[in-house]
$ cat structure_12.csv   # CSV, C-alpha atoms
chain,number,residue,atom,x,y,z
A,1,MET,CA,45.6,157.4,111.1
A,2,GLU,CA,44.5,154.1,112.7
A,3,ASN,CA,45.8,150.7,111.5
A,4,ILE,CA,43.1,148.1,111.6
A,5,LEU,CA,44.2,144.5,111.1
A,6,LEU,CA,41.7,141.8,110.2
A,7,VAL,CA,43.1,138.3,110.8
A,8,CYS,CA,41.9,135.0,109.2
A,9,ALA,CA,43.3,131.6,108.5
A,10,ALA,CA,44.9,132.4,105.2
A,11,GLY,CA,44.4,136.2,104.9
A,12,MET,CA,42.1,135.8,101.8
A,13,SER,CA,38.6,135.4,103.1
A,14,THR,CA,38.6,138.9,104.7
A,15,SER,CA,39.8,140.7,101.5
A,16,MET,CA,36.2,141.5,100.5
A,17,LEU,CA,35.4,142.8,104.0
A,18,VAL,CA,38.5,145.0,103.9
A,19,LYS,CA,37.4,146.5,100.6
A,20,ARG,CA,33.9,147.3,102.1
A,21,MET,CA,35.4,148.7,105.2
A,22,ARG,CA,37.7,151.0,103.2
A,23,GLU,CA,34.7,152.2,101.2
A,24,HIS,CA,32.8,153.0,104.3
A,25,ALA,CA,35.8,154.8,105.8
A,26,GLU,CA,36.0,157.0,102.7
A,27,SER,CA,32.2,157.7,102.7
A,28,VAL,CA,32.4,159.0,106.3
A,29,ASN,CA,35.7,160.8,105.7
A,30,ASN,CA,37.5,158.8,108.4
A,31,PRO,CA,40.6,157.4,106.7
A,32,ALA,CA,42.2,154.3,108.2
A,33,ASN,CA,44.8,151.7,107.1
A,34,ILE,CA,42.8,148.5,106.9
A,35,ASN,CA,44.5,145.3,106.0
A,36,ALA,CA,43.9,141.5,106.2
A,37,LEU,CA,46.6,139.0,107.0
A,38,ALA,CA,47.0,135.3,107.8
A,39,ILE,CA,47.4,134.6,111.5
A,40,SER,CA,51.2,133.8,111.1
A,41,GLU,CA,51.9,137.2,109.4
A,42,ALA,CA,49.6,139.0,111.8
A,43,LYS,CA,51.6,137.9,114.8
A,44,GLU,CA,54.7,139.6,113.5
A,45,LYS,CA,52.9,142.9,112.9
A,46,ILE,CA,51.4,142.7,116.4
A,47,LYS,CA,54.8,141.9,118.0
A,48,LYS,CA,56.2,145.0,116.3
A,49,ASN,CA,53.3,147.2,117.6
A,50,GLU,CA,52.4,148.1,114.0
A,51,VAL,CA,48.6,148.0,114.4
A,52,SER,CA,46.0,149.9,116.4
A,53,VAL,CA,43.4,147.2,116.7
A,54,VAL,CA,43.1,143.5,115.8
A,55,LEU,CA,39.8,141.9,114.6
A,56,LEU,CA,39.8,138.2,114.3
A,57,GLY,CA,37.6,136.4,111.7
A,58,PRO,CA,35.2,134.0,113.4
A,59,GLN,CA,37.1,131.0,112.0
A,60,VAL,CA,40.2,131.9,114.1
A,61,ARG,CA,38.4,133.0,117.2
A,62,PHE,CA,40.1,130.2,119.1
A,63,GLN,CA,43.4,132.0,118.8
A,64,LYS,CA,42.1,135.2,120.5
A,65,SER,CA,43.9,134.4,123.8
A,66,GLU,CA,47.2,133.8,121.9
A,67,ILE,CA,46.9,137.1,120.1
A,68,GLU,CA,46.0,139.0,123.3
A,69,ALA,CA,49.2,137.5,124.9
A,70,ILE,CA,51.3,138.7,122.0
A,71,SER,CA,49.8,142.2,122.2
A,72,GLN,CA,50.4,142.3,126.0
A,73,GLY,CA,47.3,144.4,126.5
A,74,LYS,CA,48.7,147.3,124.3
A,75,ILE,CA,46.4,146.6,121.4
A,76,PRO,CA,42.6,145.9,121.6
A,77,VAL,CA,41.7,142.4,120.2
A,78,ALA,CA,38.2,141.2,119.4
A,79,VAL,CA,36.4,138.6,117.3
A,80,ILE,CA,34.4,140.0,114.4
A,81,ASP,CA,30.6,139.6,114.9
A,82,MET,CA,29.7,136.4,113.0
A,83,LYS,CA,26.6,138.0,111.4
A,84,SER,CA,28.5,141.1,110.3
A,85,TYR,CA,31.3,138.9,108.9
A,86,GLY,CA,28.8,136.6,107.1
A,87,GLN,CA,27.1,139.6,105.5
A,88,MET,CA,30.4,141.2,104.7
A,89,ASP,CA,29.1,144.3,106.5
A,90,GLY,CA,32.0,146.7,106.2
A,91,LYS,CA,30.2,149.5,108.1
A,92,ALA,CA,29.5,147.3,111.1
A,93,VAL,CA,33.0,145.9,111.3
A,94,PHE,CA,34.5,149.3,110.9
A,95,GLU,CA,32.4,150.7,113.7
A,96,GLN,CA,33.3,147.7,115.9
A,97,ALA,CA,37.0,148.6,115.3
A,98,TYR,CA,36.5,152.2,116.3
A,99,GLN,CA,34.5,151.2,119.4
A,100,LEU,CA,37.5,149.2,120.6
A,101,LEU,CA,39.8,152.1,119.9
A,102,ASN,CA,37.7,154.5,121.9
A,103,LYS,CA,37.4,152.4,125.0
$ encode --input "structure_12.csv" --output "structure tokens"
Amino acid sequence: MENILLVCAAGMSTSMLVKRMREHAESVNNPANINALAISEAKEKIKKNEVSVVLLGPQVRFQKSEIEAISQGKIPVAVIDMKSYGQMDGKAVFEQAYQLLNK
């Protein structure tokens, strides 16, 4: 099972998106562990290699290079599409995560 981590400034603004992503995952019978964390907590999970893919909220996109350095190229890192994030489009963000995993 894939571990998808969404990262935002405080870990709260992505909670609704996580819920919608989980609903989509269930509807297509593709279970995944999907969680949202604040940037500081996320760094620890990434260092421990406990996630499969990291998606950054648009508000923390400036920290992408720092997260990539921590992941050492072992974990795909991307910024969530701003439109998908704004619309809380769980399907689009879930598919973005899986595209990164399948590269």
$ residues_around --input "structure_12.csv" --residues "Ala38 (chain A)" --least-positions-apart "2" --cutoff "9 Å" --atoms "only C-alpha atoms" --output "list in words"
Leu6, Val7, Cys8, Ala9, Ala10, Gly11, Met12, Ala36, Ser40, Glu41, Ala42 and Lys43 of chain A
$ closest_residue --input "structure_12.csv" --among "A:Leu37, A:Ala97, A:Ile80, A:Ala32" --to "Pro58 (chain A)" --atoms "all atoms listed in the file"
A:Ile80
$ closest_residue --input "structure_12.csv" --among "A:Glu26, A:Leu101, A:Gln63, A:Gly90" --to "Asn3 (chain A)" --atoms "all atoms listed in the file"
A:Leu101
$ closest_residue --input "structure_12.csv" --among "A:Leu17, A:Val93, A:Ala25, A:Ala78" --to "Val60 (chain A)" --atoms "all atoms listed in the file"
A:Ala78
$ closest_residue --input "structure_12.csv" --among "A:Leu5, A:Val28, A:Met21, A:Met88" --to "Pro76 (chain A)" --atoms "all atoms listed in the file"
A:Leu5
$ closest_residue --input "structure_12.csv" --among "A:Tyr85, A:Asn33, A:Ala69, A:Lys64" --to "Glu50 (chain A)" --atoms "all atoms listed in the file"
A:Asn33
$ atom_distance --input "structure_12.csv" --atom1 "CA of Val77 (chain A)" --atom2 "CA of Leu55 (chain A)"
5.9 Å
$ closest_residue --input "structure_12.csv" --among "A:Arg61, A:Lys45, A:Lys91, A:Lys103" --to "Lys19 (chain A)" --atoms "all atoms listed in the file"
A:Lys91
$ atom_distance --input "structure_12.csv" --atom1 "CA of Gln59 (chain A)" --atom2 "CA of Ser15 (chain A)"
14.5 Å
$ residues_near_point --input "structure_12.csv" --point "(37.3, 153.8, 114.4)" --cutoff "10 Å" --atoms "only C-alpha atoms" --output "PyMOL selection string"
chain A and resi 1-4+25+30-32+52-53+93-102
$ atom_distance --input "structure_12.csv" --atom1 "CA of Ser65 (chain A)" --atom2 "CA of His24 (chain A)"
29.1 Å
